[in-house]
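Just coords-v3.pdb here, PDB, C-alpha atoms:
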ATOM      1  CA  MET A 698       6.491 -26.939  14.417
ATOM      2  CA  ILE A 699       6.467 -23.190  15.077
ATOM      3  CA  GLU A 700       2.977 -21.702  14.777
ATOM      4  CA  TYR A 701       3.914 -18.103  15.518
ATOM      5  CA  ILE A 702       6.589 -15.949  17.133
ATOM      6  CA  ARG A 703       5.794 -12.978  19.345
ATOM      7  CA  GLY A 704       8.537 -10.513  20.181
ATOM      8  CA  SER A 705       9.911  -7.029  19.773
ATOM      9  CA  ILE A 706      11.247  -5.891  16.411
ATOM     10  CA  ALA A 707      15.052  -5.867  16.607
ATOM     11  CA  ASP A 708      15.511  -5.099  12.916
ATOM     12  CA  LEU A 709      13.100  -4.541  10.041
ATOM     13  CA  SER A 710      13.382  -4.152   6.276
ATOM     14  CA  PRO A 711      10.802  -4.710   3.511
ATOM     15  CA  THR A 712      12.053  -8.298   3.118
ATOM     16  CA  LEU A 713      13.232  -9.336   6.589
ATOM     17  CA  ALA A 714      11.986  -8.978  10.157
ATOM     18  CA  VAL A 715      14.154  -9.914  13.131
ATOM     19  CA  LEU A 716      12.036 -10.566  16.219
ATOM     20  CA  ASP A 717      13.632 -10.703  19.658
ATOM     21  CA  ALA A 718      11.672 -13.307  21.614
ATOM     22  CA  ASN A 719      13.067 -13.905  25.112
ATOM     23  CA  GLY A 720      16.586 -13.016  24.050
ATOM     24  CA  VAL A 721      16.605 -15.079  20.848
ATOM     25  CA  GLY A 722      16.612 -13.224  17.536
ATOM     26  CA  TYR A 723      14.510 -14.915  14.855
ATOM     27  CA  GLY A 724      15.082 -13.815  11.254
ATOM     28  CA  LEU A 725      11.877 -14.155   9.246
ATOM     29  CA  ASN A 726      11.515 -13.525   5.532
ATOM     30  CA  ILE A 727       8.457 -11.322   5.018
ATOM     31  CA  THR A 728       6.295  -9.902   2.248
ATOM     32  CA  LEU A 729       5.706  -6.232   1.597
ATOM     33  CA  ASN A 730       2.173  -6.549   2.993
ATOM     34  CA  THR A 731       3.526  -7.860   6.294
ATOM     35  CA  PHE A 732       6.198  -5.150   6.384
ATOM     36  CA  SER A 733       3.486  -2.518   5.981
ATOM     37  CA  ALA A 734       1.305  -4.127   8.666
ATOM     38  CA  ILE A 735       3.974  -4.267  11.395
ATOM     39  CA  GLN A 736       6.060  -1.196  10.588
ATOM     40  CA  GLY A 737       5.965   1.319  13.417
ATOM     41  CA  LEU A 738       3.828  -0.841  15.715
ATOM     42  CA  PRO A 739       4.563  -0.265  19.404
ATOM     43  CA  GLY A 740       5.311  -3.187  21.703
ATOM     44  CA  ASP A 741       5.552  -6.832  20.695
ATOM     45  CA  VAL A 742       4.657  -8.073  17.213
ATOM     46  CA  LYS A 743       3.142 -11.455  16.385
ATOM     47  CA  LEU A 744       4.042 -13.155  13.112
ATOM     48  CA  TYR A 745       2.585 -16.437  11.913
ATOM     49  CA  VAL A 746       5.374 -18.751  10.790
ATOM     50  CA  TYR A 747       5.962 -21.116   7.913
ATOM     51  CA  GLU A 748       9.101 -23.271   8.175
ATOM     52  CA  SER A 749      10.930 -24.211   4.991
ATOM     53  CA  ILE A 750      13.367 -27.020   5.731
ATOM     54  CA  ARG A 751      15.748 -28.185   3.015
ATOM     55  CA  GLU A 752      19.005 -30.133   3.034
ATOM     56  CA  ASP A 753      21.009 -26.949   2.653
ATOM     57  CA  ALA A 754      18.867 -24.414   4.515
ATOM     58  CA  TYR A 755      16.361 -23.811   7.290
ATOM     59  CA  VAL A 756      14.288 -20.751   6.410
ATOM     60  CA  LEU A 757      11.549 -19.059   8.417
ATOM     61  CA  TRP A 758       8.821 -17.074   6.687
ATOM     62  CA  GLY A 759       6.702 -14.659   8.721
ATOM     63  CA  PHE A 760       3.218 -13.324   7.983
ATOM     64  CA  ALA A 761       1.044 -10.718   9.674
ATOM     65  CA  THR A 762      -2.106 -12.793   9.041
ATOM     66  CA  LYS A 763      -3.010 -16.474   8.800
ATOM     67  CA  VAL A 764      -4.661 -15.773   5.448
ATOM     68  CA  GLU A 765      -1.433 -14.535   3.900
ATOM     69  CA  ARG A 766       0.454 -17.537   5.272
ATOM     70  CA  GLU A 767      -2.152 -19.904   3.828
ATOM     71  CA  LEU A 768      -1.890 -18.222   0.431
ATOM     72  CA  PHE A 769       1.913 -18.554   0.582
ATOM     73  CA  VAL A 770       1.607 -22.283   1.329
ATOM     74  CA  LEU A 771      -0.874 -22.729  -1.524
ATOM     75  CA  LEU A 772       1.299 -20.808  -3.986
ATOM     76  CA  THR A 773       4.400 -22.852  -3.147
ATOM     77  CA  SER A 774       2.410 -26.058  -3.640
ATOM     78  CA  VAL A 775       2.151 -25.215  -7.342
ATOM     79  CA  SER A 776       4.905 -26.632  -9.542
ATOM     80  CA  GLY A 777       7.292 -23.885 -10.622
ATOM     81  CA  VAL A 778       6.505 -21.548  -7.718
ATOM     82  CA  GLY A 779       9.157 -21.348  -4.999
ATOM     83  CA  GLY A 780       9.217 -19.300  -1.836
ATOM     84  CA  GLN A 781      10.869 -16.330  -3.511
ATOM     85  CA  SER A 782       8.319 -16.220  -6.334
ATOM     86  CA  ALA A 783       5.448 -16.582  -3.863
ATOM     87  CA  ARG A 784       6.847 -13.668  -1.855
ATOM     88  CA  VAL A 785       7.058 -11.486  -4.966
ATOM     89  CA  ILE A 786       3.435 -12.313  -5.855
ATOM     90  CA  LEU A 787       2.271 -11.530  -2.311
ATOM     91  CA  SER A 788       4.314  -8.316  -2.295
ATOM     92  CA  SER A 789       2.822  -7.170  -5.599
ATOM     93  CA  THR A 790      -0.787  -7.649  -4.498
ATOM     94  CA  THR A 791      -2.868  -7.756  -1.349
ATOM     95  CA  PRO A 792      -4.316 -11.143  -0.319
ATOM     96  CA  ALA A 793      -7.742  -9.891  -1.422
ATOM     97  CA  GLU A 794      -6.432  -8.861  -4.866
ATOM     98  CA  LEU A 795      -4.644 -12.195  -5.284
ATOM     99  CA  CYS A 796      -7.733 -14.219  -4.387
ATOM    100  CA  ASP A 797      -9.787 -12.110  -6.771
ATOM    101  CA  ALA A 798      -7.246 -12.554  -9.583
ATOM    102  CA  ILE A 799      -7.200 -16.325  -9.123
ATOM    103  CA  SER A 800     -11.005 -16.497  -8.960
ATOM    104  CA  ARG A 801     -11.344 -14.441 -12.159
ATOM    105  CA  GLY A 802      -8.527 -16.240 -13.953
ATOM    106  CA  ASP A 803      -6.488 -13.045 -14.300
ATOM    107  CA  GLU A 804      -3.210 -14.354 -15.748
ATOM    108  CA  ARG A 805      -1.965 -10.839 -16.477
ATOM    109  CA  LEU A 806      -1.741  -9.873 -12.820
ATOM    110  CA  LEU A 807       0.080 -13.073 -11.874
ATOM    111  CA  LYS A 808       2.571 -12.691 -14.732
ATOM    112  CA  THR A 809       3.702  -9.313 -13.384
ATOM    113  CA  ALA A 810       5.661 -11.226 -10.705
ATOM    114  CA  LYS A 811       9.292 -12.023 -11.532
ATOM    115  CA  GLY A 812       9.731 -15.635 -12.636
ATOM    116  CA  ILE A 813       6.045 -16.300 -13.286
ATOM    117  CA  GLY A 814       5.338 -17.040 -16.940
ATOM    118  CA  GLY A 815       2.102 -17.796 -18.721
ATOM    119  CA  LYS A 816       2.108 -21.546 -18.036
ATOM    120  CA  THR A 817       2.869 -21.106 -14.344
ATOM    121  CA  ALA A 818       0.171 -18.440 -14.028
ATOM    122  CA  GLN A 819      -2.319 -20.834 -15.616
ATOM    123  CA  ARG A 820      -1.287 -23.604 -13.197
ATOM    124  CA  ILE A 821      -1.777 -21.270 -10.233
ATOM    125  CA  ILE A 822      -5.282 -20.417 -11.412
ATOM    126  CA  VAL A 823      -6.310 -23.987 -12.266
ATOM    127  CA  GLU A 824      -4.863 -25.580  -9.108
ATOM    128  CA  LEU A 825      -5.813 -22.921  -6.568
ATOM    129  CA  ARG A 826      -9.174 -21.537  -7.749
ATOM    130  CA  ASP A 827     -11.247 -24.219  -6.016
ATOM    131  CA  LYS A 828      -8.920 -24.412  -2.997
ATOM    132  CA  ILE A 829      -9.236 -20.744  -2.024
ATOM    133  CA  VAL A 830     -13.019 -21.057  -2.197
ATOM    134  CA  ALA A 831     -13.050 -24.327  -0.227
ATOM    135  CA  LEU A 832     -10.844 -22.828   2.486
ATOM    136  CA  GLY A 833     -12.870 -19.627   2.557
ATOM    137  CA  LEU A 834      -9.798 -17.536   1.772
ATOM    138  CA  ASP A 835     -11.643 -15.481  -0.815
ATOM    139  CA  ALA A 836     -13.970 -14.208   1.914
ATOM    140  CA  GLN A 837     -11.289 -13.830   4.606
ATOM    141  CA  ALA A 838      -8.625 -12.120   2.528
ATOM    142  CA  GLY A 839      -8.052  -8.637   3.828
ATOM    143  CA  SER A 840      -5.607  -5.868   3.109
ATOM    144  CA  PRO A 841      -3.422  -4.759   6.017
ATOM    145  CA  SER A 842      -3.609  -1.047   6.514
ATOM    146  CA  SER A 843      -0.790   0.893   4.972
ATOM    147  CA  GLN A 844       1.259   3.098   7.220
ATOM    148  CA  PRO A 845       3.024   6.033   5.598
ATOM    149  CA  MET A 846       6.698   6.495   6.264
ATOM    150  CA  THR A 847       8.212   9.759   7.342
ATOM    151  CA  ALA A 848      11.608   8.970   5.868
ATOM    152  CA  LEU A 849      13.469  11.255   3.496
ATOM    153  CA  ASN A 850      13.390  10.465  -0.219
ATOM    154  CA  LYS A 851      16.962   9.167  -0.138
ATOM    155  CA  GLU A 852      16.130   6.744   2.656
ATOM    156  CA  VAL A 853      13.016   5.545   0.837
ATOM    157  CA  GLN A 854      15.026   5.153  -2.365
ATOM    158  CA  ASP A 855      17.830   3.158  -0.718
ATOM    159  CA  GLU A 856      15.446   0.883   1.170
ATOM    160  CA  ALA A 857      13.308   0.226  -1.909
ATOM    161  CA  VAL A 858      16.317  -0.600  -4.099
ATOM    162  CA  ALA A 859      17.736  -2.899  -1.395
ATOM    163  CA  ALA A 860      14.399  -4.712  -1.101
ATOM    164  CA  LEU A 861      14.061  -5.148  -4.874
ATOM    165  CA  THR A 862      17.621  -6.494  -5.048
ATOM    166  CA  MET A 863      16.768  -8.979  -2.278
ATOM    167  CA  LEU A 864      13.727 -10.040  -4.305
ATOM    168  CA  GLY A 865      16.004 -10.958  -7.211
ATOM    169  CA  PHE A 866      16.000  -7.866  -9.423
ATOM    170  CA  SER A 867      19.222  -6.308 -10.734
ATOM    171  CA  PRO A 868      20.335  -3.157  -8.868
ATOM    172  CA  ALA A 869      20.632  -0.873 -11.927
ATOM    173  CA  PRO A 870      17.083  -1.360 -13.324
ATOM    174  CA  SER A 871      15.725  -1.271  -9.765
ATOM    175  CA  GLN A 872      17.443   2.046  -9.093
ATOM    176  CA  LYS A 873      16.131   3.506 -12.344
ATOM    177  CA  ALA A 874      12.563   2.397 -11.613
ATOM    178  CA  VAL A 875      12.629   3.688  -8.023
ATOM    179  CA  VAL A 876      14.055   7.074  -9.007
ATOM    180  CA  GLY A 877      11.393   7.453 -11.703
ATOM    181  CA  ILE A 878       8.626   6.611  -9.244
ATOM    182  CA  LEU A 879       9.924   9.064  -6.627
ATOM    183  CA  ARG A 880      10.142  11.824  -9.223
ATOM    184  CA  ALA A 881       6.477  11.264 -10.054
ATOM    185  CA  GLU A 882       5.426  10.743  -6.422
ATOM    186  CA  PRO A 883       7.919  12.446  -4.070
ATOM    187  CA  ASP A 884       5.863  11.599  -0.984
ATOM    188  CA  ALA A 885       5.448   7.889  -1.790
ATOM    189  CA  ASN A 886       6.379   5.518   1.037
ATOM    190  CA  VAL A 887       8.593   2.455   0.681
ATOM    191  CA  GLU A 888       5.672   0.058   0.282
ATOM    192  CA  ARG A 889       4.141   2.024  -2.583
ATOM    193  CA  VAL A 890       7.470   2.535  -4.326
ATOM    194  CA  ILE A 891       8.237  -1.189  -4.237
ATOM    195  CA  LYS A 892       4.744  -2.174  -5.409
ATOM    196  CA  LEU A 893       4.944   0.218  -8.353
ATOM    197  CA  ALA A 894       8.483  -0.940  -9.184
ATOM    198  CA  LEU A 895       7.417  -4.589  -9.156
ATOM    199  CA  LYS A 896       4.905  -3.786 -11.895
ATOM    200  CA  MET A 897       7.557  -2.001 -13.981
ATOM    201  CA  LEU A 898      10.474  -4.424 -13.731
TER     202      LEU A 898
END
Turn the structure described in the file into structure tokens.
Amino acid sequence: MIEYIRGSIADLSPTLAVLDANGVGYGLNITLNTFSAIQGLPGDVKLYVYESIREDAYVLWGFATKVERELFVLLTSVSGVGGQSARVILSSTTPAELCDAISRGDERLLKTAKGIGGKTAQRIIVELRDKIVALGLDAQAGSPSSQPMTALNKEVQDEAVAALTMLGFSPAPSQKAVVGILRAEPDANVERVIKLALKML
């Protein structure tokens, strides 16, 4: 079992981090919160790991905090919520916002994630409400600080559209949403653009 990987960032996008640890490149699927937390950090980066092992794939998921990893594990324990859907939920909200939404029974927020309907949102709330309290996640959940990007609009646009496509959204609607957001907020960074787009798509 891999608990965490520490290494230098060889490649980074809003959905994937490649860490070079002693000459081995580990590709880890990440959330937008983790992308924001590690982007631009000097030196080595430490990501907590969750291993998803299936007959047809061996997938590594990386998280900037143990709390986010625990929430990912809890979300994927709910019937109807896979890794991709859990990543979209955790990219749309901070861990603190997610814990709050589950505690308050806020179906609306959960249903903004692609692939999460009313019944699945209800299951998430019913099955996880007591668990996040028992594990103390509601008190621990924190929001990683957001780091603004200094990229040009075109670079932000391309990266945001690529990330949304990786998250399962069609390129054309993604492009339209991203362009609209950048027109309204020309200085928005990739993280903000993607979060706003996730609420629109």
- the PyMOL selection byres ((chain A and resi 736-738) around 12) resolved against shown file, as a PyMOL selection string: chain A and resi 704-714+727+729-735+739-743+761+841-847+886-888
Same residues, C-alpha atoms, saved as an mmCIF file, in the frame of the given file:
data_model
loop_
_atom_site.group_PDB
_atom_site.id
_atom_site.type_symbol
_atom_site.label_atom_id
_atom_site.label_comp_id
_atom_site.auth_asym_id
_atom_site.auth_seq_id
_atom_site.Cartn_x
_atom_site.Cartn_y
_atom_site.Cartn_z
ATOM 1 C CA GLY A 704 8.537 -10.513 20.181
ATOM 2 C CA SER A 705 9.911 -7.029 19.773
ATOM 3 C CA ILE A 706 11.247 -5.891 16.411
ATOM 4 C CA ALA A 707 15.052 -5.867 16.607
ATOM 5 C CA ASP A 708 15.511 -5.099 12.916
ATOM 6 C CA LEU A 709 13.100 -4.541 10.041
ATOM 7 C CA SER A 710 13.382 -4.152 6.276
ATOM 8 C CA PRO A 711 10.802 -4.710 3.511
ATOM 9 C CA THR A 712 12.053 -8.298 3.118
ATOM 10 C CA LEU A 713 13.232 -9.336 6.589
ATOM 11 C CA ALA A 714 11.986 -8.978 10.157
ATOM 12 C CA ILE A 727 8.457 -11.322 5.018
ATOM 13 C CA LEU A 729 5.706 -6.232 1.597
ATOM 14 C CA ASN A 730 2.173 -6.549 2.993
ATOM 15 C CA THR A 731 3.526 -7.860 6.294
ATOM 16 C CA PHE A 732 6.198 -5.150 6.384
ATOM 17 C CA SER A 733 3.486 -2.518 5.981
ATOM 18 C CA ALA A 734 1.305 -4.127 8.666
ATOM 19 C CA ILE A 735 3.974 -4.267 11.395
ATOM 20 C CA PRO A 739 4.563 -0.265 19.404
ATOM 21 C CA GLY A 740 5.311 -3.187 21.703
ATOM 22 C CA ASP A 741 5.552 -6.832 20.695
ATOM 23 C CA VAL A 742 4.657 -8.073 17.213
ATOM 24 C CA LYS A 743 3.142 -11.455 16.385
ATOM 25 C CA ALA A 761 1.044 -10.718 9.674
ATOM 26 C CA PRO A 841 -3.422 -4.759 6.017
ATOM 27 C CA SER A 842 -3.609 -1.047 6.514
ATOM 28 C CA SER A 843 -0.790 0.893 4.972
ATOM 29 C CA GLN A 844 1.259 3.098 7.220
ATOM 30 C CA PRO A 845 3.024 6.033 5.598
ATOM 31 C CA MET A 846 6.698 6.495 6.264
ATOM 32 C CA THR A 847 8.212 9.759 7.342
ATOM 33 C CA ASN A 886 6.379 5.518 1.037
ATOM 34 C CA VAL A 887 8.593 2.455 0.681
ATOM 35 C CA GLU A 888 5.672 0.058 0.282
#
- Identify the residues around (-13.0, -22.7, -11.6) within a radius of 10 Å, measuring from all atoms listed in the file in the coordinates stated by the file, and give them as a list of chain:residue names.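 The answer, in the requested form, is A:Ile799, A:Ser800, A:Arg801, A:Gly802, A:Ile822, A:Val823, A:Glu824, A:Leu825, A:Arg826, A:Asp827, A:Lys828, A:Val830.
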Since we have the selection now, will you write its residues out, keeping C-alpha atoms, as a CSV table (one decimal), in the coordinates of the input?
chain,number,residue,atom,x,y,z
A,799,ILE,CA,-7.2,-16.3,-9.1
A,800,SER,CA,-11.0,-16.5,-9.0
A,801,ARG,CA,-11.3,-14.4,-12.2
A,802,GLY,CA,-8.5,-16.2,-14.0
A,822,ILE,CA,-5.3,-20.4,-11.4
A,823,VAL,CA,-6.3,-24.0,-12.3
A,824,GLU,CA,-4.9,-25.6,-9.1
A,825,LEU,CA,-5.8,-22.9,-6.6
A,826,ARG,CA,-9.2,-21.5,-7.7
A,827,ASP,CA,-11.2,-24.2,-6.0
A,828,LYS,CA,-8.9,-24.4,-3.0
A,830,VAL,CA,-13.0,-21.1,-2.2
- So which one's closest to Arg805 in chain A, A:Leu716, A:Leu725, A:Gly833, A:Lys896? Using all atoms listed in the file, please.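 Ranking A:Leu716, A:Leu725, A:Gly833, A:Lys896 by distance to Arg805 in chain A, first place goes to A:Lys896.
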- What does the distance from CA of Glu700 in chain A to CA of Val770 in chain A come to in Å, to one decimal?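 Taking CA of Glu700 in chain A as the start and CA of Val770 in chain A as the end point, the length is 13.5 Å.
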- Using the chain letters and numbers from the file, which residues does the PyMOL selection byres ((chain A and resi 760) around 7) grab, as a PyMOL selection string? chain A and resi 727+731+744-746+758-759+761-762+765-766
Could you model N, CA and C atoms for range 779-811 of chain A and present them as a PDB file, in the coordinates of the input?
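New file rebuild_34.pdb:
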ATOM      1  N   GLY A 779       8.387 -21.189  -6.230  1.00  0.00           N
ATOM      2  CA  GLY A 779       9.157 -21.348  -4.999  1.00  0.00           C
ATOM      3  C   GLY A 779       8.802 -20.258  -4.009  1.00  0.00           C
ATOM      4  N   GLY A 780       9.479 -20.289  -2.880  1.00  0.00           N
ATOM      5  CA  GLY A 780       9.217 -19.300  -1.836  1.00  0.00           C
ATOM      6  C   GLY A 780       9.457 -17.876  -2.289  1.00  0.00           C
ATOM      7  N   GLN A 781      10.538 -17.679  -3.047  1.00  0.00           N
ATOM      8  CA  GLN A 781      10.869 -16.330  -3.511  1.00  0.00           C
ATOM      9  C   GLN A 781       9.806 -15.795  -4.465  1.00  0.00           C
ATOM     10  N   SER A 782       9.354 -16.651  -5.387  1.00  0.00           N
ATOM     11  CA  SER A 782       8.319 -16.220  -6.334  1.00  0.00           C
ATOM     12  C   SER A 782       7.001 -15.944  -5.615  1.00  0.00           C
ATOM     13  N   ALA A 783       6.678 -16.787  -4.634  1.00  0.00           N
ATOM     14  CA  ALA A 783       5.448 -16.582  -3.863  1.00  0.00           C
ATOM     15  C   ALA A 783       5.515 -15.261  -3.106  1.00  0.00           C
ATOM     16  N   ARG A 784       6.696 -14.931  -2.573  1.00  0.00           N
ATOM     17  CA  ARG A 784       6.847 -13.668  -1.855  1.00  0.00           C
ATOM     18  C   ARG A 784       6.661 -12.483  -2.798  1.00  0.00           C
ATOM     19  N   VAL A 785       7.212 -12.573  -4.002  1.00  0.00           N
ATOM     20  CA  VAL A 785       7.058 -11.486  -4.966  1.00  0.00           C
ATOM     21  C   VAL A 785       5.588 -11.291  -5.328  1.00  0.00           C
ATOM     22  N   ILE A 786       4.865 -12.397  -5.542  1.00  0.00           N
ATOM     23  CA  ILE A 786       3.435 -12.313  -5.855  1.00  0.00           C
ATOM     24  C   ILE A 786       2.686 -11.644  -4.716  1.00  0.00           C
ATOM     25  N   LEU A 787       2.963 -12.074  -3.480  1.00  0.00           N
ATOM     26  CA  LEU A 787       2.271 -11.530  -2.311  1.00  0.00           C
ATOM     27  C   LEU A 787       2.720 -10.119  -1.961  1.00  0.00           C
ATOM     28  N   SER A 788       3.864  -9.694  -2.493  1.00  0.00           N
ATOM     29  CA  SER A 788       4.314  -8.316  -2.295  1.00  0.00           C
ATOM     30  C   SER A 788       3.736  -7.389  -3.351  1.00  0.00           C
ATOM     31  N   SER A 789       3.369  -7.968  -4.493  1.00  0.00           N
ATOM     32  CA  SER A 789       2.822  -7.170  -5.599  1.00  0.00           C
ATOM     33  C   SER A 789       1.328  -6.900  -5.430  1.00  0.00           C
ATOM     34  N   THR A 790       0.662  -7.765  -4.667  1.00  0.00           N
ATOM     35  CA  THR A 790      -0.787  -7.649  -4.498  1.00  0.00           C
ATOM     36  C   THR A 790      -1.155  -7.841  -3.029  1.00  0.00           C
ATOM     37  N   THR A 791      -2.347  -7.430  -2.665  1.00  0.00           N
ATOM     38  CA  THR A 791      -2.868  -7.756  -1.349  1.00  0.00           C
ATOM     39  C   THR A 791      -3.469  -9.162  -1.420  1.00  0.00           C
ATOM     40  N   PRO A 792      -3.662  -9.833  -0.285  1.00  0.00           N
ATOM     41  CA  PRO A 792      -4.316 -11.143  -0.319  1.00  0.00           C
ATOM     42  C   PRO A 792      -5.674 -11.099  -1.018  1.00  0.00           C
ATOM     43  N   ALA A 793      -6.426 -10.013  -0.790  1.00  0.00           N
ATOM     44  CA  ALA A 793      -7.742  -9.891  -1.422  1.00  0.00           C
ATOM     45  C   ALA A 793      -7.611  -9.801  -2.942  1.00  0.00           C
ATOM     46  N   GLU A 794      -6.653  -9.009  -3.418  1.00  0.00           N
ATOM     47  CA  GLU A 794      -6.432  -8.861  -4.866  1.00  0.00           C
ATOM     48  C   GLU A 794      -5.989 -10.181  -5.480  1.00  0.00           C
ATOM     49  N   LEU A 795      -5.126 -10.916  -4.764  1.00  0.00           N
ATOM     50  CA  LEU A 795      -4.644 -12.195  -5.284  1.00  0.00           C
ATOM     51  C   LEU A 795      -5.777 -13.203  -5.397  1.00  0.00           C
ATOM     52  N   CYS A 796      -6.592 -13.296  -4.347  1.00  0.00           N
ATOM     53  CA  CYS A 796      -7.733 -14.219  -4.387  1.00  0.00           C
ATOM     54  C   CYS A 796      -8.687 -13.859  -5.526  1.00  0.00           C
ATOM     55  N   ASP A 797      -8.901 -12.573  -5.709  1.00  0.00           N
ATOM     56  CA  ASP A 797      -9.787 -12.110  -6.771  1.00  0.00           C
ATOM     57  C   ASP A 797      -9.215 -12.458  -8.142  1.00  0.00           C
ATOM     58  N   ALA A 798      -7.897 -12.261  -8.294  1.00  0.00           N
ATOM     59  CA  ALA A 798      -7.246 -12.554  -9.583  1.00  0.00           C
ATOM     60  C   ALA A 798      -7.336 -14.035  -9.911  1.00  0.00           C
ATOM     61  N   ILE A 799      -7.118 -14.886  -8.902  1.00  0.00           N
ATOM     62  CA  ILE A 799      -7.200 -16.325  -9.123  1.00  0.00           C
ATOM     63  C   ILE A 799      -8.641 -16.731  -9.450  1.00  0.00           C
ATOM     64  N   SER A 800      -9.588 -16.170  -8.726  1.00  0.00           N
ATOM     65  CA  SER A 800     -11.005 -16.497  -8.960  1.00  0.00           C
ATOM     66  C   SER A 800     -11.454 -16.103 -10.365  1.00  0.00           C
ATOM     67  N   ARG A 801     -10.943 -14.943 -10.841  1.00  0.00           N
ATOM     68  CA  ARG A 801     -11.344 -14.441 -12.159  1.00  0.00           C
ATOM     69  C   ARG A 801     -10.477 -14.988 -13.287  1.00  0.00           C
ATOM     70  N   GLY A 802      -9.420 -15.716 -12.927  1.00  0.00           N
ATOM     71  CA  GLY A 802      -8.527 -16.240 -13.953  1.00  0.00           C
ATOM     72  C   GLY A 802      -7.678 -15.162 -14.593  1.00  0.00           C
ATOM     73  N   ASP A 803      -7.267 -14.184 -13.794  1.00  0.00           N
ATOM     74  CA  ASP A 803      -6.488 -13.045 -14.300  1.00  0.00           C
ATOM     75  C   ASP A 803      -4.999 -13.396 -14.395  1.00  0.00           C
ATOM     76  N   GLU A 804      -4.614 -13.985 -15.533  1.00  0.00           N
ATOM     77  CA  GLU A 804      -3.210 -14.354 -15.748  1.00  0.00           C
ATOM     78  C   GLU A 804      -2.307 -13.127 -15.761  1.00  0.00           C
ATOM     79  N   ARG A 805      -2.786 -12.042 -16.302  1.00  0.00           N
ATOM     80  CA  ARG A 805      -1.965 -10.839 -16.477  1.00  0.00           C
ATOM     81  C   ARG A 805      -1.385 -10.367 -15.147  1.00  0.00           C
ATOM     82  N   LEU A 806      -2.223 -10.334 -14.117  1.00  0.00           N
ATOM     83  CA  LEU A 806      -1.741  -9.873 -12.820  1.00  0.00           C
ATOM     84  C   LEU A 806      -0.671 -10.806 -12.268  1.00  0.00           C
ATOM     85  N   LEU A 807      -0.883 -12.105 -12.399  1.00  0.00           N
ATOM     86  CA  LEU A 807       0.080 -13.073 -11.874  1.00  0.00           C
ATOM     87  C   LEU A 807       1.408 -13.012 -12.626  1.00  0.00           C
ATOM     88  N   LYS A 808       1.350 -12.723 -13.926  1.00  0.00           N
ATOM     89  CA  LYS A 808       2.571 -12.691 -14.732  1.00  0.00           C
ATOM     90  C   LYS A 808       3.424 -11.447 -14.477  1.00  0.00           C
ATOM     91  N   THR A 809       2.894 -10.489 -13.707  1.00  0.00           N
ATOM     92  CA  THR A 809       3.702  -9.313 -13.384  1.00  0.00           C
ATOM     93  C   THR A 809       4.783  -9.659 -12.363  1.00  0.00           C
ATOM     94  N   ALA A 810       4.663 -10.807 -11.688  1.00  0.00           N
ATOM     95  CA  ALA A 810       5.661 -11.226 -10.705  1.00  0.00           C
ATOM     96  C   ALA A 810       6.856 -11.850 -11.410  1.00  0.00           C
ATOM     97  N   LYS A 811       8.052 -11.501 -10.943  1.00  0.00           N
ATOM     98  CA  LYS A 811       9.292 -12.023 -11.532  1.00  0.00           C
ATOM     99  C   LYS A 811       9.313 -13.546 -11.456  1.00  0.00           C
TER     100      LYS A 811
END
